[in-house]
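run_5.txt (compact mmCIF, C-alpha atoms) appears below.
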```txt
# COMPACT_ATOMS: atom_id res chain seq x y z
CA MET A 1 23.71 7.12 48.51
CA GLU A 2 26.70 4.89 47.87
CA ASP A 3 27.87 4.72 44.25
CA SER A 4 26.86 1.34 42.81
CA SER A 5 30.20 1.17 40.97
CA THR A 6 32.09 0.98 44.29
CA THR A 7 32.08 -1.45 47.18
CA ASN A 8 33.70 -0.35 50.44
CA GLY A 9 35.36 2.45 48.54
CA GLU A 10 36.79 0.12 45.89
CA ASP A 11 36.13 0.97 42.21
CA TRP A 12 35.21 -2.46 40.81
CA ILE A 13 34.57 -1.14 37.27
CA SER A 14 38.25 -0.23 36.92
CA ARG A 15 39.14 -3.83 37.76
CA LEU A 16 37.31 -5.13 34.69
CA PRO A 17 39.46 -6.11 31.67
CA ASP A 18 39.50 -3.81 28.64
CA SER A 19 37.71 -6.38 26.49
CA LEU A 20 34.72 -6.47 28.84
CA LEU A 21 34.61 -2.68 29.18
CA CYS A 22 34.61 -2.33 25.39
CA HIS A 23 31.75 -4.81 25.18
CA ILE A 24 29.76 -2.72 27.66
CA LEU A 25 30.54 0.46 25.77
CA SER A 26 29.27 -1.10 22.53
CA PHE A 27 25.71 -0.71 23.85
CA LEU A 28 26.10 3.09 24.00
CA SER A 29 25.90 5.60 21.16
CA PRO A 30 29.24 6.60 19.57
CA LYS A 31 28.95 10.07 21.10
CA GLU A 32 28.47 8.62 24.59
CA VAL A 33 31.35 6.21 24.05
CA VAL A 34 33.75 9.00 23.07
CA GLY A 35 32.58 10.98 26.11
CA THR A 36 34.08 8.33 28.42
CA SER A 37 37.58 9.44 27.36
CA ILE A 38 37.53 12.20 30.00
CA LEU A 39 37.02 9.80 32.93
CA SER A 40 40.65 8.90 33.53
CA LYS A 41 43.97 8.17 31.84
CA ARG A 42 42.96 4.55 31.28
CA TRP A 43 39.71 5.57 29.62
CA GLU A 44 41.35 8.17 27.37
CA ASN A 45 41.82 5.83 24.41
CA LEU A 46 39.68 2.89 25.45
CA TRP A 47 36.80 4.02 23.22
CA THR A 48 38.92 3.43 20.12
CA SER A 49 38.70 -0.31 20.79
CA VAL A 50 34.88 -0.52 20.99
CA PRO A 51 33.86 -3.29 18.54
CA SER A 52 30.55 -1.74 17.35
CA LEU A 53 30.00 1.64 15.68
CA TYR A 54 26.70 3.22 14.66
CA PHE A 55 26.59 6.48 12.73
CA CYS A 56 23.34 8.09 11.56
CA ASP A 57 22.70 11.70 10.49
CA THR A 58 19.05 12.11 11.46
CA PHE A 59 18.84 15.84 10.81
CA THR A 60 15.91 17.65 9.21
CA THR A 61 16.27 20.69 6.98
CA ASP A 62 13.97 22.77 9.17
CA CYS A 63 16.05 22.39 12.32
CA GLY A 64 18.25 25.25 13.42
CA ASN A 65 21.89 25.36 12.29
CA TYR A 66 21.23 22.50 9.88
CA MET A 67 24.48 22.76 7.92
CA ASN A 68 26.49 23.27 11.09
CA LYS A 69 25.07 20.04 12.52
CA VAL A 70 25.77 18.14 9.30
CA ASN A 71 29.35 19.36 9.21
CA CYS A 72 29.84 18.47 12.87
CA PHE A 73 28.53 14.98 12.14
CA ILE A 74 30.96 14.58 9.21
CA ASP A 75 33.90 15.80 11.29
CA TYR A 76 32.90 13.51 14.13
CA VAL A 77 32.78 10.36 11.94
CA ASN A 78 36.09 11.27 10.31
CA TRP A 79 37.67 11.78 13.75
CA VAL A 80 36.36 8.50 15.19
CA LEU A 81 37.49 6.42 12.22
CA ALA A 82 40.89 8.15 12.13
CA HIS A 83 41.51 7.19 15.77
CA ARG A 84 40.72 3.49 15.45
CA ASP A 85 44.49 2.82 15.14
CA GLY A 86 43.86 -0.47 13.34
CA PHE A 87 41.56 -1.93 16.01
CA ALA A 88 39.14 -4.39 14.41
CA ILE A 89 35.46 -3.47 14.01
CA GLU A 90 32.89 -6.20 14.55
CA LYS A 91 29.79 -4.21 13.57
CA CYS A 92 29.40 -0.89 11.79
CA ASN A 93 26.31 0.96 10.56
CA LEU A 94 26.75 3.91 8.20
CA SER A 95 23.31 5.48 7.62
CA CYS A 96 23.16 8.82 5.82
CA TYR A 97 20.07 10.82 4.96
CA THR A 98 21.72 14.10 3.95
CA LEU A 99 23.44 14.84 0.66
CA HIS A 100 26.58 16.22 2.27
CA ALA A 101 27.11 13.27 4.60
CA SER A 102 26.32 10.70 1.87
CA ALA A 103 29.19 12.11 -0.18
CA HIS A 104 31.58 10.70 2.44
CA LEU A 105 30.23 7.14 2.44
CA TYR A 106 32.89 6.05 -0.06
CA SER A 107 35.82 7.10 2.15
CA TRP A 108 34.12 5.92 5.35
CA THR A 109 33.51 2.50 3.82
CA CYS A 110 37.21 2.27 2.89
CA ALA A 111 38.21 3.17 6.45
CA VAL A 112 35.88 0.60 7.98
CA ILE A 113 37.07 -2.14 5.64
CA ALA A 114 40.66 -1.37 6.65
CA CYS A 115 39.58 -2.18 10.23
CA MET A 116 38.64 -5.74 9.22
CA VAL A 117 34.92 -5.18 9.73
CA GLN A 118 32.73 -8.29 10.08
CA GLU A 119 29.20 -6.83 9.87
CA LEU A 120 28.61 -3.73 7.74
CA THR A 121 25.41 -1.82 6.96
CA ILE A 122 25.49 1.03 4.43
CA LYS A 123 22.32 3.04 3.93
CA SER A 124 21.35 6.15 1.99
CA GLU A 125 17.83 7.37 1.29
CA LEU A 126 18.86 9.86 -1.41
CA PHE A 127 17.85 9.55 -5.07
CA ARG A 128 21.32 10.58 -6.13
CA VAL A 129 23.51 7.73 -7.41
CA GLY A 130 26.44 6.92 -5.13
CA GLN A 131 29.66 4.98 -5.51
CA LEU A 132 31.13 2.26 -3.31
CA PRO A 133 34.79 1.15 -3.39
CA TRP A 134 36.17 -1.96 -5.05
CA SER A 135 37.61 -3.09 -1.73
CA LEU A 136 34.08 -3.74 -0.48
CA LEU A 137 33.78 -6.71 -2.85
CA THR A 138 37.15 -8.20 -1.94
CA CYS A 139 36.89 -7.88 1.85
CA LYS A 140 38.04 -11.13 3.44
CA THR A 141 36.55 -10.43 6.87
CA LEU A 142 32.94 -9.56 5.98
CA VAL A 143 30.33 -11.96 7.31
CA VAL A 144 27.27 -9.69 7.02
CA LEU A 145 26.80 -7.01 4.34
CA LYS A 146 23.64 -4.90 4.00
CA ILE A 147 23.41 -2.14 1.38
CA GLN A 148 20.39 0.09 0.85
CA GLY A 149 20.31 2.93 -1.66
CA ARG A 150 21.16 3.85 -5.23
CA PHE A 151 24.75 2.68 -5.06
CA VAL A 152 26.63 1.57 -8.14
CA LEU A 153 28.51 -1.62 -7.31
CA ASN A 154 31.92 -1.13 -8.92
CA PHE A 155 33.06 -4.62 -9.82
CA PRO A 156 36.81 -5.26 -9.78
CA THR A 157 38.32 -7.90 -12.04
CA CYS A 158 38.34 -10.33 -9.14
CA ILE A 159 35.48 -10.48 -6.64
CA TYR A 160 35.89 -12.69 -3.61
CA LEU A 161 34.02 -12.59 -0.31
CA PRO A 162 35.21 -15.81 1.34
CA ARG A 163 33.41 -15.39 4.70
CA LEU A 164 30.21 -13.62 3.64
CA LYS A 165 27.11 -15.45 4.91
CA PHE A 166 24.43 -12.72 4.90
CA LEU A 167 23.94 -10.39 1.92
CA HIS A 168 21.03 -7.92 1.77
CA LEU A 169 20.81 -5.64 -1.29
CA ASN A 170 18.11 -2.98 -1.54
CA SER A 171 17.85 -0.68 -4.59
CA VAL A 172 21.50 -1.04 -5.65
CA ILE A 173 22.68 -0.76 -9.28
CA TYR A 174 24.43 -3.79 -10.78
CA GLY A 175 24.84 -2.55 -14.35
CA ASP A 176 24.05 -5.77 -16.19
CA ASP A 177 23.03 -9.41 -15.78
CA ALA A 178 26.61 -10.76 -15.71
CA SER A 179 27.68 -8.46 -12.87
CA MET A 180 24.89 -9.64 -10.58
CA GLN A 181 25.64 -13.28 -11.35
CA LYS A 182 29.36 -12.70 -10.78
CA LEU A 183 28.69 -11.16 -7.37
CA PHE A 184 26.62 -14.07 -6.10
CA SER A 185 28.97 -16.72 -7.45
CA SER A 186 31.87 -15.06 -5.61
CA CYS A 187 30.36 -15.80 -2.20
CA PRO A 188 31.22 -19.47 -1.57
CA VAL A 189 29.61 -19.71 1.90
CA LEU A 190 26.62 -17.40 1.40
CA GLU A 191 23.57 -18.62 3.36
CA ASP A 192 21.09 -15.71 3.43
CA LEU A 193 20.36 -13.50 0.40
CA VAL A 194 17.76 -10.71 0.29
CA ILE A 195 17.29 -8.75 -2.94
CA LYS A 196 14.96 -5.79 -3.35
CA ARG A 197 15.04 -4.66 -6.96
CA HIS A 198 14.08 -1.46 -8.73
CA VAL A 199 13.75 -0.54 -12.38
CA TRP A 200 17.11 1.23 -12.50
CA ASP A 201 19.31 -1.71 -11.45
CA GLY A 202 20.22 -2.74 -15.02
CA VAL A 203 19.32 -6.43 -14.73
CA GLY A 204 16.91 -8.37 -16.94
CA ILE A 205 17.83 -12.01 -16.35
CA MET A 206 18.52 -12.61 -12.67
CA ASN A 207 20.70 -15.67 -12.21
CA ILE A 208 21.21 -16.90 -8.65
CA SER A 209 23.42 -19.99 -8.56
CA VAL A 210 24.67 -20.41 -5.00
CA PRO A 211 25.00 -24.01 -3.75
CA SER A 212 25.46 -22.92 -0.10
CA LEU A 213 22.34 -20.70 0.04
CA LYS A 214 19.73 -21.57 2.69
CA ARG A 215 17.42 -18.51 2.66
CA LEU A 216 16.42 -16.46 -0.39
CA SER A 217 14.06 -13.46 -0.49
CA ILE A 218 13.33 -11.58 -3.73
CA PHE A 219 11.22 -8.42 -3.87
CA SER A 220 10.64 -7.14 -7.40
CA SER A 221 7.25 -5.48 -7.07
CA SER A 222 8.75 -2.09 -8.03
CA LEU A 223 10.04 -3.33 -11.39
CA ARG A 224 8.47 -2.03 -14.58
CA SER A 225 8.99 -3.21 -18.16
CA ILE A 226 11.55 -1.17 -20.09
CA GLY A 227 12.08 -1.57 -23.84
CA ASN A 228 12.69 -5.11 -25.02
CA TYR A 229 14.20 -6.40 -21.79
CA GLU A 230 13.74 -10.12 -21.22
CA TYR A 231 12.74 -10.55 -17.58
CA LYS A 232 13.63 -14.01 -16.32
CA VAL A 233 14.67 -15.67 -13.07
CA VAL A 234 17.13 -18.56 -12.91
CA ILE A 235 17.58 -20.07 -9.45
CA ASN A 236 19.96 -22.92 -8.73
CA THR A 237 20.08 -23.40 -4.97
CA PRO A 238 20.15 -27.11 -4.12
CA ASN A 239 20.34 -26.52 -0.34
CA LEU A 240 17.64 -23.86 -0.03
CA GLU A 241 15.42 -24.10 3.07
CA TYR A 242 13.38 -20.86 2.89
CA PHE A 243 12.18 -18.99 -0.20
CA GLU A 244 10.13 -15.79 -0.45
CA ILE A 245 9.26 -13.88 -3.59
CA ASP A 246 7.14 -10.82 -4.30
CA ASP A 247 7.11 -10.24 -8.05
CA TYR A 248 4.75 -8.95 -10.73
CA MET A 249 7.26 -8.57 -13.56
CA TYR A 250 9.09 -11.76 -14.43
CA GLU A 251 7.84 -13.69 -17.43
CA ASP A 252 9.79 -16.92 -16.99
CA TYR A 253 11.19 -18.93 -14.09
CA SER A 254 13.75 -21.69 -14.02
CA VAL A 255 14.00 -22.96 -10.45
CA ASN A 256 16.05 -25.93 -9.33
CA SER A 257 13.82 -28.02 -7.10
CA SER A 258 15.41 -28.56 -3.70
CA PRO A 259 14.43 -31.50 -1.46
CA SER A 260 15.65 -29.45 1.52
CA LEU A 261 13.08 -26.66 0.95
CA VAL A 262 10.98 -26.26 4.08
CA GLU A 263 9.01 -23.03 3.60
CA ALA A 264 8.01 -20.83 0.66
CA CYS A 265 5.96 -17.64 0.43
CA VAL A 266 4.75 -16.48 -2.99
CA GLN A 267 3.24 -13.05 -3.62
CA GLY A 268 2.47 -11.48 -6.97
CA THR A 269 2.75 -13.43 -10.22
CA CYS A 270 2.77 -17.20 -9.82
CA LEU A 271 3.96 -19.09 -12.92
CA PHE A 272 4.22 -22.84 -13.48
CA GLY A 273 8.03 -22.76 -13.60
CA LEU A 274 8.10 -21.18 -10.16
CA LEU A 275 5.59 -23.59 -8.60
CA ASP A 276 7.23 -26.61 -10.21
CA GLY A 277 10.62 -25.50 -8.90
CA ILE A 278 9.38 -25.34 -5.31
CA SER A 279 7.09 -28.37 -5.54
CA GLN A 280 9.01 -30.23 -2.83
CA VAL A 281 8.23 -27.57 -0.21
CA LYS A 282 6.66 -28.53 3.13
CA LEU A 283 5.04 -25.19 4.11
CA LEU A 284 3.57 -22.95 1.40
CA ALA A 285 1.85 -19.55 1.54
CA LEU A 286 0.12 -18.07 -1.54
CA SER A 287 -1.09 -14.46 -1.51
CA GLY A 288 -4.36 -13.35 -3.10
CA ASP A 289 -2.49 -12.08 -6.17
CA ALA A 290 -0.64 -15.38 -6.48
CA MET A 291 -3.95 -17.24 -6.28
CA GLN A 292 -5.36 -15.04 -9.03
CA SER A 293 -2.42 -15.70 -11.35
CA LEU A 294 -2.88 -19.47 -10.96
CA HIS A 295 -5.69 -19.20 -13.50
CA ASN A 296 -3.02 -18.71 -16.17
CA ILE A 297 -1.71 -22.24 -15.60
CA ALA A 298 -4.74 -24.13 -14.19
CA PRO A 299 -6.02 -26.78 -14.27
CA ILE A 300 -2.49 -28.20 -14.61
CA LEU A 301 -0.67 -27.70 -11.31
CA PRO A 302 2.46 -29.49 -10.07
CA THR A 303 1.95 -32.06 -7.35
CA PHE A 304 3.22 -31.05 -3.91
CA HIS A 305 3.98 -34.46 -2.42
CA ASN A 306 5.78 -33.05 0.66
CA LEU A 307 3.36 -30.22 1.39
CA THR A 308 1.81 -30.46 4.87
CA HIS A 309 0.96 -26.81 5.69
CA LEU A 310 -0.81 -24.45 3.26
CA LYS A 311 -1.86 -20.79 3.72
CA LEU A 312 -4.11 -19.24 1.09
CA GLY A 313 -5.01 -15.63 0.31
CA ILE A 314 -8.19 -14.55 -1.49
CA ASP A 315 -8.54 -14.40 -5.27
CA ASP A 316 -10.61 -11.25 -5.86
CA ASN A 317 -11.78 -12.29 -9.33
CA VAL A 318 -13.04 -15.88 -9.11
CA GLY A 319 -12.91 -16.67 -5.42
CA TRP A 320 -12.35 -20.36 -4.65
CA GLU A 321 -12.86 -21.82 -8.10
CA LEU A 322 -9.37 -23.36 -8.01
CA LEU A 323 -9.48 -24.67 -4.46
CA PRO A 324 -10.35 -28.24 -5.58
CA ASN A 325 -7.34 -28.22 -7.96
CA ILE A 326 -5.05 -27.00 -5.20
CA LEU A 327 -6.26 -29.63 -2.76
CA GLN A 328 -5.94 -32.37 -5.39
CA SER A 329 -2.32 -31.25 -5.94
CA SER A 330 -1.57 -31.49 -2.20
CA PRO A 331 -2.23 -35.17 -1.40
CA ASN A 332 -0.49 -35.14 2.00
CA LEU A 333 -1.78 -31.83 3.33
CA LYS A 334 -2.31 -31.72 7.12
CA VAL A 335 -2.95 -28.03 7.90
CA LEU A 336 -5.06 -25.64 5.79
CA ASN A 337 -5.16 -21.95 6.72
CA PHE A 338 -7.37 -19.37 5.02
CA LYS A 339 -5.27 -16.50 6.34
CA GLU A 340 -7.33 -13.70 4.72
CA GLY A 341 -10.69 -15.37 5.14
CA LEU A 342 -13.13 -16.73 2.56
CA VAL A 343 -14.69 -13.43 1.48
CA LYS A 344 -13.29 -9.92 1.17
CA PRO A 345 -15.09 -8.01 3.97
CA LEU A 346 -15.22 -4.70 2.08
CA ASN A 347 -16.77 -6.13 -1.08
CA LYS A 348 -18.76 -9.12 0.13
CA GLY A 349 -21.77 -7.99 -1.90
CA THR A 350 -19.89 -8.17 -5.22
CA PHE A 351 -17.34 -10.87 -4.37
CA GLN A 352 -17.44 -13.82 -6.78
CA PHE A 353 -17.25 -16.79 -4.41
CA SER A 354 -17.29 -19.37 -7.23
CA TRP A 355 -17.11 -22.49 -5.07
CA ASN A 356 -18.39 -25.73 -6.56
CA PRO A 357 -17.76 -29.07 -4.85
CA PRO A 358 -15.42 -31.29 -6.91
CA ARG A 359 -16.65 -34.56 -8.37
CA CYS A 360 -14.01 -36.50 -6.47
CA VAL A 361 -13.08 -35.72 -2.89
CA PRO A 362 -9.39 -34.69 -2.72
CA CYS A 363 -7.14 -37.33 -1.21
CA CYS A 364 -5.84 -35.01 1.51
CA LEU A 365 -9.37 -34.59 2.92
CA LEU A 366 -9.89 -38.33 3.12
CA LEU A 367 -6.54 -39.29 4.63
CA HIS A 368 -4.43 -36.49 6.09
CA LEU A 369 -6.04 -33.09 6.75
CA LYS A 370 -6.21 -32.55 10.54
CA THR A 371 -6.40 -28.78 11.09
CA ILE A 372 -8.30 -25.98 9.35
CA GLU A 373 -8.17 -22.27 10.28
CA ILE A 374 -10.50 -19.67 8.77
CA HIS A 375 -9.97 -15.97 9.52
CA ASN A 376 -12.19 -12.91 8.92
CA PHE A 377 -15.31 -15.04 8.77
CA LEU A 378 -18.48 -13.12 7.87
CA GLY A 379 -21.05 -15.90 8.00
CA THR A 380 -22.36 -15.55 4.43
CA PRO A 381 -24.24 -18.51 2.88
CA ASN A 382 -21.34 -19.25 0.48
CA GLU A 383 -18.86 -19.37 3.34
CA ALA A 384 -21.11 -21.71 5.27
CA LYS A 385 -21.46 -23.96 2.20
CA LEU A 386 -17.68 -24.36 1.88
CA VAL A 387 -17.19 -24.90 5.61
CA LYS A 388 -19.86 -27.60 5.66
CA TYR A 389 -18.21 -29.38 2.73
CA LEU A 390 -14.86 -29.44 4.51
CA LEU A 391 -16.43 -30.68 7.74
CA ARG A 392 -18.33 -33.45 5.95
CA HIS A 393 -15.45 -34.78 3.84
CA ALA A 394 -12.39 -34.28 6.05
CA LYS A 395 -12.37 -37.79 7.49
CA VAL A 396 -9.47 -37.36 9.94
CA LEU A 397 -10.04 -33.71 10.84
CA GLU A 398 -9.22 -32.95 14.47
CA LEU A 399 -9.80 -29.21 14.73
CA MET A 400 -11.52 -26.46 12.74
CA THR A 401 -11.11 -22.94 14.15
CA ILE A 402 -13.16 -20.04 12.80
CA TYR A 403 -12.28 -16.43 13.63
CA TRP A 404 -15.03 -13.90 13.06
CA TYR A 405 -14.23 -10.66 11.23
CA ASP A 406 -13.30 -8.18 13.97
CA LEU A 407 -15.58 -5.34 12.77
CA MET A 408 -18.83 -7.32 12.95
CA MET A 409 -20.32 -5.53 15.92
CA ASP A 410 -23.68 -4.16 14.68
CA SER A 411 -26.89 -5.95 15.69
CA GLU A 412 -27.52 -7.42 12.23
CA SER A 413 -24.03 -8.90 12.06
CA LEU A 414 -24.30 -10.33 15.56
CA THR A 415 -27.59 -12.02 14.64
CA THR A 416 -25.95 -13.51 11.56
CA MET A 417 -23.10 -14.78 13.69
CA VAL A 418 -25.43 -16.63 16.04
CA LYS A 419 -27.51 -18.21 13.25
CA THR A 420 -24.49 -19.25 11.21
CA LYS A 421 -22.73 -20.67 14.22
CA VAL A 422 -25.74 -22.84 15.07
CA ASP A 423 -26.18 -23.93 11.44
CA ILE A 424 -22.56 -24.98 11.00
CA SER A 425 -22.37 -26.64 14.41
CA LYS A 426 -25.28 -28.93 13.47
CA SER A 427 -23.86 -29.92 10.06
CA PRO A 428 -22.57 -33.51 9.58
CA ARG A 429 -18.90 -34.20 10.24
CA GLY A 430 -16.78 -36.81 8.55
CA SER A 431 -14.55 -37.14 11.59
CA SER A 432 -16.08 -38.21 14.90
CA THR A 433 -13.20 -36.60 16.81
CA CYS A 434 -13.39 -33.19 15.11
CA ARG A 435 -13.65 -30.15 17.38
CA LEU A 436 -15.26 -26.98 16.01
CA ILE A 437 -14.25 -23.72 17.72
CA PHE A 438 -15.66 -20.26 16.99
CA HIS A 439 -13.77 -17.27 18.33
CA ASP A 440 -16.67 -14.96 19.18
CA LEU A 441 -15.98 -11.23 19.29
CA MET A 442 -18.47 -10.57 22.07
CA TYR A 443 -16.50 -12.59 24.62
```
Give the structure from this file in structure tokens form.
Amino acid sequence: MEDSSTTNGEDWISRLPDSLLCHILSFLSPKEVVGTSILSKRWENLWTSVPSLYFCDTFTTDCGNYMNKVNCFIDYVNWVLAHRDGFAIEKCNLSCYTLHASAHLYSWTCAVIACMVQELTIKSELFRVGQLPWSLLTCKTLVVLKIQGRFVLNFPTCIYLPRLKFLHLNSVIYGDDASMQKLFSSCPVLEDLVIKRHVWDGVGIMNISVPSLKRLSIFSSSLRSIGNYEYKVVINTPNLEYFEIDDYMYEDYSVNSSPSLVEACVQGTCLFGLLDGISQVKLLALSGDAMQSLHNIAPILPTFHNLTHLKLGIDDNVGWELLPNILQSSPNLKVLNFKEGLVKPLNKGTFQFSWNPPRCVPCCLLLHLKTIEIHNFLGTPNEAKLVKYLLRHAKVLELMTIYWYDLMMDSESLTTMVKTKVDISKSPRGSSTCRLIFHDLMY
């Protein structure tokens, strides 16, 4: 068979420019890339110009010659970085899972920074605290920086990351509140910030003041109260478009409301300061835990004038007692999604549904609500009662879609499905154009 790399005996691969060959090589593993050096004189040093490097020591302690493999990996990374000869690195991933290799992350990071790296990922799964160089926080070429592991961020006197747009920090150690704030304020064009915090990071008051920020994700579910720490969040992001938070620890929120905010997802504790700060959002998702914590601030909720899409989880304790308040606070709502259903399938016998029709029909039902989705539907009388209320009072409703719970396959459940479907289908509808669709499991 004729070699696909040749046409009429002509080697067309060798006619490609070095830049294109390096781009092709970037899709191979570092070991495969270095292996091309034996092909010909031209290929001997071409691998040193490959723009992307990925190093990962995925060894297990029970494999044969464990230490020999780890040492070979260390020597290999040292050799590759030493032969870069100043060629710029576009992307580099340094992932270490062994103690011996992790000890070299400091020097490897220095070497990569010297190559004007643009996208850098540093990862260590060890519980041992590691160090990262000062030069990491003054790198003028970094656009993307992702750090995962117990790394102490050594803060130089001057921090400046002029091109950094994406910053993801998972489990790192900041030392104190001021250091974290200093880091964020030293990124003048930062657009995407992801923070996953742990109890050891040394921060009580988290202050995020970044005017350029467009996406912010905060995960603090692993935090635990220590001593007399004051746990507070201060967010000043006037151009934020997406916000996600998963938190059970913070006691106070100060959030600058942003008219540009499009989407927000709240899990864990949901305080008034947080809701008020994101009250101009257009798409909002509240988890079951967030719904439960609303009882600490109800019946006073901020008004979400811009909110058009709402996804709600299930409150295990009091069910849908606050649903009327939420709907009253969302006067322009168009899409309502019960993403977890109306009843917890595993405890439907003890679940406190707690739905009572409000005295006044919420404005959104009368004027704006067009789509309702209900998932994990079981067909209980309480569910049917709520569904009938929504059908009767949603005057401009165009579509209600009900998805049955996917484990309802026994004969009793199937009988319930049929009866409930018929009952709901015959109930009065406030909108003459409303379509009711059941997604039946049997078809």
Rows by chain and residue number, segment 193-293 of chain A within 8 Å of segment 157-173 of chain A, shortest pair, all atoms listed in the file, as a tab-separated table:
```
residue	atom	partner	partner_atom	distance
A:Leu193	CA	A:Leu167	CA	5.0
A:Val194	CA	A:His168	CA	4.5
A:Ile195	CA	A:Leu169	CA	5.0
A:Lys196	CA	A:Asn170	CA	4.6
A:Arg197	CA	A:Ser171	CA	5.4
A:His198	CA	A:Ser171	CA	5.7
A:Trp200	CA	A:Ile173	CA	6.7
A:Asp201	CA	A:Ile173	CA	4.1
A:Gly202	CA	A:Ile173	CA	6.6
```
Extract, using all atoms listed in the file, all DNA, RNA and protein residues at most 7 Å from segment 319-323 of chain A, discarding same-chain residues fewer than 5 positions from it, and format them as a PDB file with C-alpha atoms, in the frame of the given file.
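What landed in around.pdb:
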```pdb
ATOM      1  CA  ILE A 314      -8.190 -14.550  -1.490  1.00  0.00           C
ATOM      2  CA  GLN A 352     -17.440 -13.820  -6.780  1.00  0.00           C
ATOM      3  CA  PHE A 353     -17.250 -16.790  -4.410  1.00  0.00           C
ATOM      4  CA  SER A 354     -17.290 -19.370  -7.230  1.00  0.00           C
ATOM      5  CA  TRP A 355     -17.110 -22.490  -5.070  1.00  0.00           C
ATOM      6  CA  ASN A 356     -18.390 -25.730  -6.560  1.00  0.00           C
TER       7      ASN A 356
END
```
For segment 111-125 of chain A, take all atoms listed in the file, fit an axis-aligned box around them, add 6 Å to each of the six sides, then output centre and edge lengths in Å rounded to one decimal, as JSON.
```
{"center_x": 29.2, "center_y": -0.5, "center_z": 5.8, "size_x": 34.8, "size_y": 27.7, "size_z": 20.9}
```
If we count only C-alpha atoms, what is near Asn296 of chain A at a cut-off of 10 Å, once residues fewer than 3 positions away on the same chain are taken out, given as a ChimeraX atom specification?
-> /A:269-272,292-293,299-300
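Counting from atom CA of Leu137 of chain A, the distance to atom CA of Asp246 of chain A is 27.0 Å.
With only C-alpha atoms as the atoms that count, the residue of A:Ile113, A:Val233, A:Met249, A:Leu336 with the shortest distance to Val199 of chain A is A:Met249.
Among the candidate residues A:Ser212, A:Gln118, A:Gln280, A:Asn256, the one lying nearest to Cys187 of chain A is A:Ser212, with distances computed using all atoms listed in the file.
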Please provide as an MDAnalysis selection string all residues within 10 Å of Gly268 of chain A, with the sequence filter that same-chain residues fewer than 6 positions apart are discarded (counting only C-alpha atoms).
-> chainID A and resid 219:221 245:250 286:293
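In this structure, atom CA of Tyr253 of chain A sits 12.3 Å away from atom CA of Gly204 of chain A.
In this model, the gap between atom CA of Glu263 of chain A and atom CA of Leu284 of chain A comes to 5.9 Å.
Shell of Pro428 of chain A at 10 Å, with all atoms listed in the file counted and residues fewer than 6 places along the chain excluded, is Lys388, Tyr389, Leu391, Arg392 and His393 of chain A.
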Surrounding residues of segment 363-374 of chain A excluding itself and chain neighbours under 2 positions, 8 Å, only C-alpha atoms, as a short mmCIF file (atom, residue, chain, number, x, y, z; two decimals) with C-alpha atoms, in the frame of the given file:
```
data_model
loop_
_atom_site.label_atom_id
_atom_site.label_comp_id
_atom_site.auth_asym_id
_atom_site.auth_seq_id
_atom_site.Cartn_x
_atom_site.Cartn_y
_atom_site.Cartn_z
CA LEU A 327 -6.26 -29.63 -2.76
CA GLN A 328 -5.94 -32.37 -5.39
CA SER A 330 -1.57 -31.49 -2.20
CA PRO A 331 -2.23 -35.17 -1.40
CA ASN A 332 -0.49 -35.14 2.00
CA LEU A 333 -1.78 -31.83 3.33
CA LYS A 334 -2.31 -31.72 7.12
CA VAL A 335 -2.95 -28.03 7.90
CA LEU A 336 -5.06 -25.64 5.79
CA ASN A 337 -5.16 -21.95 6.72
CA PHE A 338 -7.37 -19.37 5.02
CA LYS A 339 -5.27 -16.50 6.34
CA GLU A 340 -7.33 -13.70 4.72
CA GLY A 341 -10.69 -15.37 5.14
CA LEU A 342 -13.13 -16.73 2.56
CA VAL A 361 -13.08 -35.72 -2.89
CA ASN A 376 -12.19 -12.91 8.92
CA PHE A 377 -15.31 -15.04 8.77
CA LEU A 390 -14.86 -29.44 4.51
CA HIS A 393 -15.45 -34.78 3.84
CA ALA A 394 -12.39 -34.28 6.05
CA LYS A 395 -12.37 -37.79 7.49
CA VAL A 396 -9.47 -37.36 9.94
CA LEU A 397 -10.04 -33.71 10.84
CA GLU A 398 -9.22 -32.95 14.47
CA LEU A 399 -9.80 -29.21 14.73
CA MET A 400 -11.52 -26.46 12.74
CA THR A 401 -11.11 -22.94 14.15
CA ILE A 402 -13.16 -20.04 12.80
CA TYR A 403 -12.28 -16.43 13.63
#
```
